[in-house]
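Undergrad: File follows, target_29.csv with CSV, C-alpha atoms and all ligand atoms:
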```csv
chain,number,residue,atom,x,y,z
A,535,MET,CA,10.1,-12.2,6.0
A,536,LYS,CA,9.0,-12.3,9.6
A,537,LEU,CA,7.6,-15.6,11.0
A,538,GLN,CA,4.7,-15.8,13.4
A,539,GLU,CA,5.8,-16.8,16.9
A,540,TYR,CA,4.3,-20.3,16.4
A,541,GLN,CA,6.3,-20.8,13.1
A,542,ALA,CA,9.4,-19.5,14.7
A,543,LYS,CA,9.0,-21.9,17.6
A,544,GLU,CA,8.4,-24.8,15.3
A,545,LEU,CA,11.7,-23.9,13.5
A,546,LEU,CA,13.6,-23.7,16.8
A,547,ALA,CA,12.1,-26.9,18.2
A,548,LYS,CA,13.3,-28.7,15.1
A,549,HIS,CA,16.8,-27.6,15.9
A,550,GLY,CA,16.5,-28.8,19.5
A,551,VAL,CA,15.7,-25.6,21.3
A,552,ILE,CA,13.3,-26.1,24.2
A,553,VAL,CA,10.0,-24.3,23.7
A,554,PRO,CA,6.8,-24.7,25.7
A,555,ALA,CA,4.4,-27.3,24.4
A,556,GLY,CA,1.3,-25.9,22.7
A,557,GLY,CA,-1.0,-25.6,19.7
A,558,ILE,CA,-2.4,-23.0,17.3
A,559,ALA,CA,-6.1,-22.0,17.4
A,560,ASP,CA,-8.5,-20.2,15.1
A,561,THR,CA,-11.6,-20.3,17.4
A,562,PRO,CA,-12.4,-20.2,21.1
A,563,GLU,CA,-13.4,-23.8,20.9
A,564,GLU,CA,-10.0,-24.8,19.7
A,565,VAL,CA,-8.4,-22.7,22.4
A,566,LYS,CA,-10.4,-24.6,25.0
A,567,ARG,CA,-9.5,-28.0,23.5
A,568,ILE,CA,-5.8,-27.2,23.4
A,569,ALA,CA,-5.9,-25.7,26.8
A,570,THR,CA,-7.6,-28.8,28.2
A,571,GLU,CA,-5.1,-31.1,26.6
A,572,LEU,CA,-2.3,-29.0,28.2
A,573,GLY,CA,-3.9,-29.4,31.6
A,574,GLY,CA,-5.6,-26.0,31.9
A,575,LYS,CA,-2.6,-23.8,33.0
A,576,VAL,CA,-1.9,-22.0,29.8
A,577,VAL,CA,-0.8,-18.8,28.2
A,578,VAL,CA,-2.8,-17.5,25.2
A,579,LYS,CA,-0.8,-15.4,22.8
A,580,ALA,CA,-2.0,-13.3,19.8
A,581,GLN,CA,-0.2,-14.3,16.6
A,582,VAL,CA,0.5,-10.9,15.1
A,583,LEU,CA,3.8,-9.7,13.7
A,584,MET,CA,4.6,-7.0,16.2
A,585,GLY,CA,6.5,-6.7,19.5
A,586,GLY,CA,5.0,-5.6,22.7
A,587,ARG,CA,1.9,-7.8,22.6
A,588,GLY,CA,2.1,-8.3,26.3
A,589,LYS,CA,1.7,-4.6,26.9
A,590,ALA,CA,-1.0,-4.3,24.2
A,591,GLY,CA,-3.2,-6.9,25.9
A,592,GLY,CA,-2.4,-9.7,23.4
A,593,ILE,CA,-1.1,-12.2,26.0
A,594,GLY,CA,-3.1,-13.8,28.8
A,595,LEU,CA,-2.1,-16.2,31.5
A,596,PHE,CA,-4.7,-18.6,32.8
A,597,ASP,CA,-5.2,-21.5,35.3
A,598,ASN,CA,-8.1,-23.2,33.5
A,599,ALA,CA,-9.3,-23.9,30.0
A,600,GLU,CA,-12.6,-22.0,30.4
A,601,SER,CA,-11.0,-18.7,31.3
A,602,ALA,CA,-8.5,-19.1,28.5
A,603,ALA,CA,-11.4,-19.7,26.0
A,604,GLU,CA,-13.3,-16.7,27.4
A,605,PHE,CA,-10.3,-14.4,27.0
A,606,SER,CA,-9.8,-15.6,23.4
A,607,LYS,CA,-13.4,-14.7,22.5
A,608,ASN,CA,-12.5,-11.0,23.0
A,609,LEU,CA,-9.1,-11.4,21.3
A,610,PHE,CA,-10.1,-13.0,18.0
A,611,GLY,CA,-10.8,-10.3,15.5
A,612,LYS,CA,-9.5,-7.6,17.7
A,613,ARG,CA,-7.1,-4.9,16.4
A,614,LEU,CA,-4.0,-5.0,18.5
A,615,ILE,CA,-2.1,-1.7,18.7
A,616,SER,CA,1.4,-1.3,20.2
A,617,ILE,CA,4.1,1.4,20.2
A,618,GLN,CA,5.9,-0.4,17.4
A,619,ASN,CA,2.7,-0.7,15.3
A,620,PRO,CA,0.3,2.2,15.9
A,621,ASP,CA,-1.9,1.1,13.0
A,622,GLY,CA,-2.4,-2.2,14.7
A,623,LEU,CA,-3.0,-5.7,13.4
A,624,ILE,CA,-6.1,-7.9,13.5
A,625,VAL,CA,-5.7,-11.0,15.6
A,626,GLU,CA,-6.7,-14.1,13.6
A,627,LYS,CA,-4.7,-16.9,15.3
A,628,LEU,CA,-3.8,-17.6,18.9
A,629,LEU,CA,-1.0,-19.7,20.2
A,630,VAL,CA,-2.0,-21.7,23.3
A,631,VAL,CA,1.0,-22.9,25.3
A,632,GLU,CA,1.6,-24.5,28.6
A,633,LYS,CA,2.2,-21.9,31.3
A,634,ILE,CA,5.7,-22.1,32.7
A,635,ASN,CA,6.7,-20.8,36.1
A,636,ILE,CA,9.3,-18.2,35.3
A,637,ASP,CA,12.0,-17.4,37.8
A,638,LYS,CA,14.2,-15.1,35.6
A,639,GLU,CA,13.8,-13.6,32.2
A,640,PHE,CA,16.9,-13.2,30.0
A,641,TYR,CA,17.2,-11.6,26.6
A,642,LEU,CA,18.9,-13.5,23.8
A,643,ALA,CA,19.2,-12.6,20.1
A,644,ILE,CA,21.3,-13.5,17.1
A,645,LEU,CA,21.3,-10.9,14.3
A,646,LEU,CA,23.2,-9.4,11.5
A,647,ASP,CA,25.1,-6.4,12.7
A,648,ARG,CA,25.9,-4.5,9.5
A,649,ALA,CA,28.2,-2.1,11.3
A,650,ALA,CA,30.2,-4.9,12.8
A,651,GLN,CA,30.1,-6.7,9.4
A,652,SER,CA,29.2,-10.0,11.1
A,653,ASN,CA,26.4,-11.8,12.9
A,654,ILE,CA,26.4,-11.2,16.6
A,655,VAL,CA,24.8,-12.7,19.7
A,656,MET,CA,23.1,-10.2,22.0
A,657,ILE,CA,22.8,-11.2,25.6
A,658,SER,CA,21.2,-9.5,28.6
A,659,ALA,CA,20.1,-10.5,32.0
A,660,LYS,CA,17.4,-7.8,31.8
A,661,GLY,CA,15.1,-9.6,29.5
A,662,GLY,CA,11.3,-9.3,29.4
A,663,MET,CA,8.9,-6.6,28.2
A,664,ASP,CA,11.1,-3.6,28.9
A,665,ILE,CA,14.2,-4.5,26.8
A,666,GLU,CA,13.7,-1.4,24.7
A,667,GLU,CA,14.1,0.8,27.7
A,668,VAL,CA,17.1,-1.2,28.9
A,669,ALA,CA,18.7,-0.5,25.5
A,670,ILE,CA,18.2,3.2,26.0
A,671,ASN,CA,18.8,3.7,29.7
A,672,ASP,CA,21.3,0.9,30.5
A,673,PRO,CA,23.0,-0.1,27.3
A,674,ASP,CA,25.9,-1.7,29.2
A,675,ALA,CA,23.4,-4.4,30.4
A,676,ILE,CA,23.3,-5.7,26.8
A,677,VAL,CA,26.4,-7.6,25.7
A,678,ASN,CA,27.3,-8.1,22.0
A,679,LEU,CA,29.3,-11.1,21.0
A,680,PRO,CA,30.5,-11.2,17.3
A,681,ILE,CA,30.3,-14.6,15.7
A,682,ASN,CA,33.4,-15.4,13.8
A,683,PRO,CA,32.4,-16.2,10.2
A,684,LYS,CA,35.2,-18.8,9.9
A,685,TRP,CA,34.9,-20.8,13.0
A,686,GLY,CA,31.8,-19.7,14.7
A,687,LEU,CA,31.5,-19.5,18.5
A,688,CYS,CA,33.7,-21.1,21.1
A,689,ASP,CA,32.3,-22.2,24.4
A,690,PHE,CA,34.7,-20.0,26.4
A,691,GLU,CA,33.8,-16.8,24.6
A,692,ILE,CA,30.1,-17.4,25.1
A,693,ARG,CA,30.8,-18.1,28.8
A,694,GLU,CA,32.8,-14.8,29.1
A,695,ALA,CA,29.9,-12.9,27.4
A,696,LEU,CA,27.4,-14.5,29.8
A,697,LYS,CA,29.5,-13.5,32.8
A,698,LYS,CA,29.9,-10.0,31.4
A,699,ALA,CA,26.1,-9.8,31.0
A,700,LYS,CA,25.7,-11.0,34.6
A,701,ILE,CA,23.6,-14.0,33.6
A,702,ASP,CA,22.9,-16.2,36.6
A,703,PRO,CA,25.6,-18.9,36.6
A,704,ILE,CA,22.9,-21.6,37.1
A,705,ALA,CA,21.8,-20.9,33.5
A,706,HIS,CA,25.3,-20.8,31.9
A,707,SER,CA,25.6,-24.3,30.5
A,708,GLN,CA,22.0,-24.4,29.2
A,709,MET,CA,22.5,-20.9,27.7
A,710,ILE,CA,25.6,-22.0,25.9
A,711,THR,CA,23.7,-24.9,24.5
A,712,MET,CA,20.8,-22.7,23.4
A,713,ILE,CA,23.1,-20.1,21.8
A,714,LYS,CA,24.8,-22.8,19.8
A,715,LEU,CA,21.5,-24.3,18.7
A,716,LEU,CA,20.2,-20.9,17.8
A,717,THR,CA,23.3,-20.1,15.8
A,718,LYS,CA,22.8,-23.3,13.8
A,719,ALA,CA,19.1,-22.6,13.2
A,720,TYR,CA,20.0,-19.0,12.2
A,721,GLU,CA,22.4,-20.3,9.5
A,722,ASP,CA,20.3,-23.2,8.3
A,723,ALA,CA,17.2,-21.0,7.9
A,724,ASP,CA,19.0,-18.1,6.3
A,725,ALA,CA,17.7,-15.9,9.1
A,726,ASN,CA,18.8,-12.4,9.8
A,727,LEU,CA,17.2,-12.2,13.2
A,728,ILE,CA,16.4,-14.7,15.9
A,729,GLU,CA,15.2,-13.1,19.1
A,730,ILE,CA,14.3,-14.9,22.3
A,731,ASN,CA,12.7,-12.6,24.8
A,732,PRO,CA,12.1,-13.8,27.4
A,733,CYS,CA,14.6,-16.6,27.4
A,734,ALA,CA,13.1,-17.9,30.6
A,735,LEU,CA,14.7,-19.8,33.5
A,736,THR,CA,11.9,-21.7,35.1
A,737,THR,CA,11.6,-22.2,38.9
A,738,ASP,CA,12.7,-25.8,38.4
A,739,GLY,CA,15.9,-24.6,36.6
A,740,LYS,CA,15.1,-25.2,33.0
A,741,LEU,CA,16.0,-22.7,30.3
A,742,VAL,CA,13.1,-22.3,27.8
A,743,ALA,CA,12.4,-20.1,24.8
A,744,ALA,CA,9.2,-18.5,26.0
A,745,ASP,CA,8.9,-16.1,23.1
A,746,ALA,CA,10.5,-16.2,19.7
A,747,LYS,CA,10.9,-13.8,16.8
A,748,VAL,CA,12.5,-15.0,13.6
A,749,THR,CA,13.1,-13.1,10.3
A,750,ILE,CA,14.2,-14.9,7.2
A,751,ASP,CA,16.2,-13.2,4.5
A,752,PRO,CA,13.6,-12.8,1.8
A,753,ASN,CA,16.2,-13.4,-0.9
A,754,ALA,CA,16.8,-16.9,0.5
A,755,LEU,CA,13.2,-18.0,0.7
A,756,TYR,CA,13.5,-20.1,-2.4
A,757,ARG,CA,15.8,-22.4,-0.5
A,758,HIS,CA,13.2,-22.9,2.2
A,759,PRO,CA,10.0,-24.3,0.6
A,760,GLU,CA,9.1,-25.7,4.1
A,761,ILE,CA,8.7,-22.1,5.3
A,762,GLN,CA,5.5,-21.4,3.5
A,763,GLN,CA,5.1,-17.8,2.6
A,764,THR,CA,1.5,-16.8,3.3
A,765,PRO,CA,1.4,-13.0,2.5
A,766,GLU,CA,-1.6,-12.4,4.8
A,767,ALA,CA,0.1,-14.0,7.7
A,768,SER,CA,3.5,-12.6,7.2
A,769,ALA,CA,2.7,-8.9,6.4
A,770,GLU,CA,2.9,-6.4,9.2
A,771,ASN,CA,0.4,-4.2,7.5
A,772,ALA,CA,-2.9,-4.9,5.7
A,773,ILE,CA,-2.0,-2.9,2.6
A,774,GLU,CA,1.3,-4.7,2.3
A,775,ALA,CA,-0.6,-8.0,2.4
A,776,GLU,CA,-2.9,-6.8,-0.4
A,777,ALA,CA,0.1,-5.5,-2.4
A,778,SER,CA,1.7,-8.9,-2.1
A,779,ASN,CA,-1.5,-10.5,-3.4
A,780,ARG,CA,-1.4,-8.1,-6.4
A,781,GLY,CA,2.2,-8.7,-7.0
A,782,ILE,CA,3.1,-5.1,-6.3
A,783,ALA,CA,6.3,-4.0,-4.4
A,784,TYR,CA,4.9,-1.9,-1.7
A,785,VAL,CA,6.2,-0.9,1.7
A,786,HIS,CA,4.2,1.1,4.3
A,787,LEU,CA,6.2,4.1,5.6
A,788,GLY,CA,3.8,6.3,7.6
A,789,GLY,CA,3.8,9.8,6.1
A,790,ASN,CA,1.2,11.7,4.1
A,791,VAL,CA,2.6,11.7,0.5
A,792,GLY,CA,1.6,8.6,-1.5
A,793,VAL,CA,4.3,7.6,-3.9
A,794,ILE,CA,4.2,5.7,-7.1
A,795,GLY,CA,7.3,5.4,-9.3
A,796,ASN,CA,9.0,3.0,-11.7
A,797,GLY,CA,12.2,1.5,-10.6
A,798,ALA,CA,13.2,1.0,-7.0
A,799,GLY,CA,16.0,3.6,-7.2
A,800,LEU,CA,13.8,6.3,-8.6
A,801,VAL,CA,11.2,5.6,-5.9
A,802,MET,CA,13.8,5.8,-3.1
A,803,LEU,CA,15.1,9.0,-4.6
A,804,THR,CA,11.5,10.4,-4.6
A,805,ILE,CA,11.1,9.4,-1.0
A,806,ASP,CA,14.3,11.2,-0.1
A,807,GLU,CA,13.2,14.3,-2.0
A,808,ILE,CA,9.9,14.4,-0.2
A,809,ALA,CA,11.7,14.3,3.1
A,810,ARG,CA,14.0,17.1,2.0
A,811,ALA,CA,10.9,19.1,1.1
A,812,GLY,CA,9.7,18.7,4.7
A,813,GLN,CA,7.1,15.9,4.4
A,814,ARG,CA,7.2,12.2,4.7
A,815,ALA,CA,6.3,9.6,2.1
A,816,ALA,CA,3.4,7.4,3.0
A,817,ASN,CA,4.8,4.4,1.1
A,818,PHE,CA,7.3,2.9,-1.2
A,819,LEU,CA,5.7,1.6,-4.4
A,820,ASP,CA,7.5,0.4,-7.5
A,821,VAL,CA,5.0,0.1,-10.3
A,822,GLY,CA,7.5,-1.9,-12.4
A,823,GLY,CA,8.0,-1.6,-16.2
A,824,GLY,CA,5.4,-0.3,-18.7
A,825,ALA,CA,3.0,1.6,-16.4
A,826,GLN,CA,-0.1,0.4,-18.3
A,827,ALA,CA,-3.4,1.9,-17.2
A,828,GLU,CA,-4.6,-1.2,-15.4
A,829,ARG,CA,-1.4,-1.6,-13.5
A,830,VAL,CA,-1.4,2.1,-12.5
A,831,LYS,CA,-5.0,1.9,-11.4
A,832,SER,CA,-4.2,-1.1,-9.2
A,833,CYS,CA,-1.3,0.8,-7.7
A,834,VAL,CA,-3.3,4.0,-7.1
A,835,GLU,CA,-6.0,1.9,-5.4
A,836,LEU,CA,-3.4,0.4,-3.2
A,837,VAL,CA,-1.8,3.7,-2.1
A,838,MET,CA,-5.2,5.2,-1.5
A,839,MET,CA,-6.2,2.4,0.9
A,840,ASN,CA,-4.0,4.3,3.3
A,841,THR,CA,-6.3,7.0,4.7
A,842,ASN,CA,-3.3,9.2,5.7
A,843,VAL,CA,-2.4,9.9,2.1
A,844,LYS,CA,-3.1,13.6,1.5
A,845,ALA,CA,-1.4,14.0,-1.8
A,846,LEU,CA,-0.2,11.6,-4.5
A,847,LEU,CA,3.1,11.8,-6.3
A,848,ILE,CA,3.6,9.8,-9.5
A,849,ASN,CA,7.1,9.7,-10.8
A,850,ILE,CA,7.7,7.8,-14.1
A,851,PHE,CA,10.9,7.8,-16.0
A,852,GLY,CA,9.7,6.8,-19.5
A,853,GLY,CA,13.0,6.0,-21.2
A,854,ILE,CA,12.0,4.4,-24.4
A,855,THR,CA,8.4,4.0,-23.2
A,856,ARG,CA,6.5,6.9,-24.7
A,857,GLY,CA,5.6,9.5,-22.1
A,858,ASP,CA,2.3,10.4,-23.8
A,859,GLU,CA,1.2,6.7,-23.6
A,860,VAL,CA,2.1,6.6,-19.9
A,861,ALA,CA,0.2,9.9,-19.3
A,862,SER,CA,-2.9,8.6,-21.0
A,863,GLY,CA,-2.7,5.5,-18.9
A,864,ILE,CA,-2.5,7.5,-15.7
A,865,VAL,CA,-5.3,9.7,-16.8
A,866,SER,CA,-7.6,6.9,-17.7
A,867,ALA,CA,-6.7,5.0,-14.5
A,868,LEU,CA,-7.4,8.1,-12.3
A,869,LYS,CA,-10.7,8.9,-14.2
A,870,GLU,CA,-12.1,5.7,-12.9
A,871,LEU,CA,-10.9,6.2,-9.3
A,872,LYS,CA,-12.0,9.8,-8.8
A,873,LEU,CA,-9.6,10.9,-6.1
A,874,ASN,CA,-10.2,14.1,-4.2
A,875,ILE,CA,-6.6,14.8,-3.3
A,876,PRO,CA,-4.0,16.7,-5.4
A,877,ILE,CA,-2.0,14.5,-7.8
A,878,VAL,CA,1.4,15.6,-8.9
A,879,VAL,CA,2.9,13.8,-11.8
A,880,ARG,CA,6.4,13.9,-13.2
A,881,ILE,CA,7.0,12.1,-16.5
A,882,GLU,CA,10.4,12.1,-18.1
A,883,GLY,CA,11.6,10.5,-21.3
A,884,THR,CA,10.3,10.3,-24.8
A,885,ASN,CA,7.4,12.7,-25.6
A,886,ALA,CA,7.6,14.2,-22.1
A,887,GLU,CA,6.2,17.5,-23.2
A,888,LYS,CA,3.2,15.9,-24.8
A,889,ALA,CA,2.7,13.9,-21.7
A,890,ARG,CA,2.6,17.0,-19.5
A,891,GLU,CA,0.0,18.5,-21.8
A,892,ILE,CA,-2.2,15.4,-21.4
A,893,LEU,CA,-1.8,15.5,-17.6
A,894,ALA,CA,-2.6,19.3,-17.4
A,895,ASN,CA,-5.7,18.9,-19.6
A,896,ALA,CA,-6.9,16.2,-17.2
A,897,GLY,CA,-6.6,18.5,-14.1
A,898,LEU,CA,-3.4,16.8,-12.8
A,899,ILE,CA,-0.3,18.8,-11.8
A,900,PRO,CA,2.5,18.1,-14.2
A,901,VAL,CA,6.1,18.9,-13.1
A,902,GLU,CA,9.4,18.5,-14.7
A,903,THR,CA,11.8,17.4,-12.0
A,904,VAL,CA,11.8,15.1,-9.0
A,905,GLN,CA,12.6,18.0,-6.7
A,906,GLU,CA,9.8,20.1,-8.1
A,907,ALA,CA,7.4,17.2,-7.7
A,908,ALA,CA,8.4,16.6,-4.1
A,909,ALA,CA,8.2,20.3,-3.3
A,910,THR,CA,4.9,20.7,-5.0
A,911,ALA,CA,3.3,17.8,-3.2
A,912,SER,CA,4.8,18.9,0.2
A,913,ASN,CA,3.5,22.4,-0.2
A,914,LEU,CA,0.1,21.2,-1.2
A,915,ILE,CA,-0.1,19.2,2.0
A,916,MET,CA,1.2,22.0,4.2
A,917,THR,CA,-1.3,24.5,2.8
A,918,SER,CA,-4.3,22.1,2.8
B,1001,LIG,P1,5.6,-9.9,23.7
B,1001,LIG,O1,5.1,-8.9,24.7
B,1001,LIG,O2,5.0,-9.7,22.3
B,1001,LIG,O3,7.1,-9.8,23.6
B,1001,LIG,O4,5.2,-11.3,24.2
B,1001,LIG,P2,5.9,-12.4,25.1
B,1001,LIG,O5,5.7,-13.7,24.5
B,1001,LIG,O6,7.3,-12.0,25.4
B,1001,LIG,O7,5.1,-12.4,26.4
B,1001,LIG,C1,5.1,-11.2,27.3
B,1001,LIG,C2,5.3,-11.6,28.7
B,1001,LIG,O8,4.4,-12.5,29.1
B,1001,LIG,C3,6.7,-12.2,28.9
B,1001,LIG,O9,7.7,-11.3,29.1
B,1001,LIG,C4,6.4,-13.0,30.2
B,1001,LIG,O10,6.6,-12.2,31.3
B,1001,LIG,C5,4.9,-13.3,30.1
B,1001,LIG,N1,4.8,-14.7,29.7
B,1001,LIG,C6,4.7,-15.3,28.5
B,1001,LIG,N2,4.6,-16.6,28.6
B,1001,LIG,C7,4.6,-16.9,29.9
B,1001,LIG,C8,4.6,-18.2,30.7
B,1001,LIG,O11,4.5,-19.3,30.1
B,1001,LIG,N3,4.6,-18.1,32.0
B,1001,LIG,C9,4.7,-16.9,32.6
B,1001,LIG,N4,4.7,-16.9,34.0
B,1001,LIG,N5,4.8,-15.7,32.0
B,1001,LIG,C10,4.7,-15.8,30.6
B,1002,MN,MN,8.6,-11.1,24.0
```
Just give me the structure of the file as structure tokens.
Ligand code: GDP
Ligand code: MN
TA:
Amino acid sequence: MKLQEYQAKELLAKHGVIVPAGGIADTPEEVKRIATELGGKVVVKAQVLMGGRGKAGGIGLFDNAESAAEFSKNLFGKRLISIQNPDGLIVEKLLVVEKINIDKEFYLAILLDRAAQSNIVMISAKGGMDIEEVAINDPDAIVNLPINPKWGLCDFEIREALKKAKIDPIAHSQMITMIKLLTKAYEDADANLIEINPCALTTDGKLVAADAKVTIDPNALYRHPEIQQTPEASAENAIEAEASNRGIAYVHLGGNVGVIGNGAGLVMLTIDEIARAGQRAANFLDVGGGAQAERVKSCVELVMMNTNVKALLINIFGGITRGDEVASGIVSALKELKLNIPIVVRIEGTNAEKAREILANAGLIPVETVQEAAATASNLIMTS
């Protein structure tokens, strides 16, 4: 689960990391009030879960509360689009923070490196809004420091990494402190990513976390009741938020074939087969056990909220559930929804043949195997 910047900063501040003072606002009036309290020189920051807000117009720097409030009027309710999130996200909350005078921008992150089988610290002197380009064009400018799972980090190895990353020596001791605090926060919060970009050195020599991204391992959330999980706020995609409200496991993927299946493994297999057939799945959706009509209907509604969906593939392995019951459920759910895209259905298990008959009679396209389903759906898209 990704935290909003303001939540991430609260978490870091609790662990002693220096973050700019500020407050969270829902209205331009609140922006003005907070900005006034902070003395007028502020940065207004859209609280949406995506990177590149600066480039997308979601960050504004101001010298007085009035212009901050004016800027916020246009930002509230606006859909912010970035390279990382072409669908965009609506801005509902703004973080208003004191404007700091930045001399240098560094990059600092702690994350799980699966290839290295450990957590690592990533350090770069080339922080700021172009870190993605640095990673591509100048990868040596980013230094990775593995965190030993037994004894953690020693000061000397952090110092060596800072030298290797060509971090200004003025910042070294503060950076060592910050890295150790971040490591502690990372472990305590069961995070799998903490990213500080920019980690800013101010003109008066203070090292400040000017931006913060934190992702918490969703499987550990039960250990952190203090990190409240608000689906609307934590979803990166509106349909994912709605899915979370409905208690449906849905992940937005970006292709054109809508997918509904039962069992995460079967759904992932379906997604792979769609790719093999030359198309991309629009989503992951695990309908769960049973596949009752109401549940199926709710899932289809969800998948169809994505206007990119050009064909729907339903893949149900019945097992001991009777296939004909599942088929009837699907048919009655679809009757109410009246979709005008091709719907390919594969049902396997008890009474599968009877199931296919029911589907065919209802104008759906029954198939026998996952491969056939994927190929059929993909061909329908390519010829449509
Ligand atoms: P992102 O684009 O979503 O990563 O948003 P950031 O919070 O990183 O802000 C983008 C950029 O705005 C930063 O790289 C800074 O250059 C600038 N910025 C953010 N806060 C401040 C601030 O307090 N003072 C100054 N001078 N610049 C800031
Ligand atoms: Mn940033």
Undergrad: Could you tell me, as number ranges by chain, which residues have any atom at most 10 Å from (4.0, -5.3, 22.5), counting only C-alpha atoms?
TA: A: 582-593, 614-619, 663-664
Undergrad: Between atom CA of A:Ile850 and atom CA of A:Pro752, what is the distance, to one decimal in Å?
TA: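 So the answer is 26.7 Å.
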Undergrad: Might you pull out every residue within 7 Å of A:Ile657, with all atoms listed in the file counted and same-chain residues fewer than 3 positions away left off, and present them as a ChimeraX atom specification?
TA: /A:641-643,676-678,699
Undergrad: Applying 7 Å and only C-alpha atoms, which residues near A:Ala911 remain after dropping the ones on its own chain fewer than 3 positions away? List them as a list in words.
TA: Ala845, Leu847, Val878, Ala907, Ala908, Leu914 and Ile915 of chain A
Undergrad: Have a look at A:Leu741, A:Ile636, A:Ala675, A:Ala909 and name the one nearest to A:Thr804; count only C-alpha atoms.
TA: A:Ala909
Undergrad: With distances taken over only C-alpha atoms, which of A:Thr903, A:Ser601, A:Thr917, A:Asn874 is nearest to A:Phe851?
TA: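 Once distances to A:Phe851 are computed over only C-alpha atoms, the minimum belongs to A:Thr903.
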Undergrad: Find the spatial neighbours of A:Asn635, counting only C-alpha atoms, within a cut-off of 9 Å - ignore same-chain residues fewer than 3 positions away - and output them as a CSV table (one decimal) with C-alpha atoms, in the frame of the given file.
TA:
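File selection-v8.csv, as written:
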```
chain,number,residue,atom,x,y,z
A,734,ALA,CA,13.1,-17.9,30.6
A,735,LEU,CA,14.7,-19.8,33.5
A,736,THR,CA,11.9,-21.7,35.1
A,737,THR,CA,11.6,-22.2,38.9
A,738,ASP,CA,12.7,-25.8,38.4
```
Undergrad: In Å, with one decimal, what is the gap from atom CA of A:Ala555 to atom CA of A:Lys633?
TA: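 Pair atom CA of A:Ala555 / atom CA of A:Lys633 returns 9.0 Å.
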Undergrad: Could you tell me how far atom CA of A:Ala602 lies from atom O9 of ligand LIG 1001 (chain B), in Å and to one decimal?
TA: 18.0 Å
Undergrad: From (-6.5, -21.9, 33.0), in the file's coordinates, out to 12 Å: which residues are reached, counting only C-alpha atoms? Answer as a PyMOL selection string.
TA: chain A and resi 565-578+594-606+630-633
Undergrad: With C-alpha atoms kept, could you save the residues just selected as a short mmCIF file (atom, residue, chain, number, x, y, z; two decimals), in the frame of the given file?
TA:
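So out05.cif came out as:
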```
data_model
loop_
_atom_site.label_atom_id
_atom_site.label_comp_id
_atom_site.auth_asym_id
_atom_site.auth_seq_id
_atom_site.Cartn_x
_atom_site.Cartn_y
_atom_site.Cartn_z
CA VAL A 565 -8.40 -22.70 22.40
CA LYS A 566 -10.40 -24.60 25.00
CA ARG A 567 -9.50 -28.00 23.50
CA ILE A 568 -5.80 -27.20 23.40
CA ALA A 569 -5.90 -25.70 26.80
CA THR A 570 -7.60 -28.80 28.20
CA GLU A 571 -5.10 -31.10 26.60
CA LEU A 572 -2.30 -29.00 28.20
CA GLY A 573 -3.90 -29.40 31.60
CA GLY A 574 -5.60 -26.00 31.90
CA LYS A 575 -2.60 -23.80 33.00
CA VAL A 576 -1.90 -22.00 29.80
CA VAL A 577 -0.80 -18.80 28.20
CA VAL A 578 -2.80 -17.50 25.20
CA GLY A 594 -3.10 -13.80 28.80
CA LEU A 595 -2.10 -16.20 31.50
CA PHE A 596 -4.70 -18.60 32.80
CA ASP A 597 -5.20 -21.50 35.30
CA ASN A 598 -8.10 -23.20 33.50
CA ALA A 599 -9.30 -23.90 30.00
CA GLU A 600 -12.60 -22.00 30.40
CA SER A 601 -11.00 -18.70 31.30
CA ALA A 602 -8.50 -19.10 28.50
CA ALA A 603 -11.40 -19.70 26.00
CA GLU A 604 -13.30 -16.70 27.40
CA PHE A 605 -10.30 -14.40 27.00
CA SER A 606 -9.80 -15.60 23.40
CA VAL A 630 -2.00 -21.70 23.30
CA VAL A 631 1.00 -22.90 25.30
CA GLU A 632 1.60 -24.50 28.60
CA LYS A 633 2.20 -21.90 31.30
#
```
Undergrad: Taking all atoms listed in the file into account, which residues have an atom no farther than 6 Å from ligand MN 1002 (chain B)? I'd like them as an MDAnalysis selection string.
TA: chainID A and resid 731:732 745
Undergrad: From the list A:Val553, A:Leu800, A:Gly788, A:Leu645, which residue is nearest A:Thr749 when using all atoms listed in the file?
TA: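 When distances to A:Thr749 are compared using all atoms listed in the file, the smallest one comes from A:Leu645.
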Undergrad: For A:Ala559, which residue out of A:Ser918, A:Gln538, A:Ser866, A:Gln581 is the nearest one, using only C-alpha atoms?
TA: A:Gln581
Undergrad: For A:Ser652, find every residue with an atom within 9 Å (counting all atoms listed in the file), except residues of its own chain fewer than 3 positions away, and show them as a list in words.
TA: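 Neighbouring residues, sequence-local ones excluded: Leu645, Leu646, Asp647, Arg648, Ala649, Pro680, Ile681, Asn682 and Pro683 of chain A.
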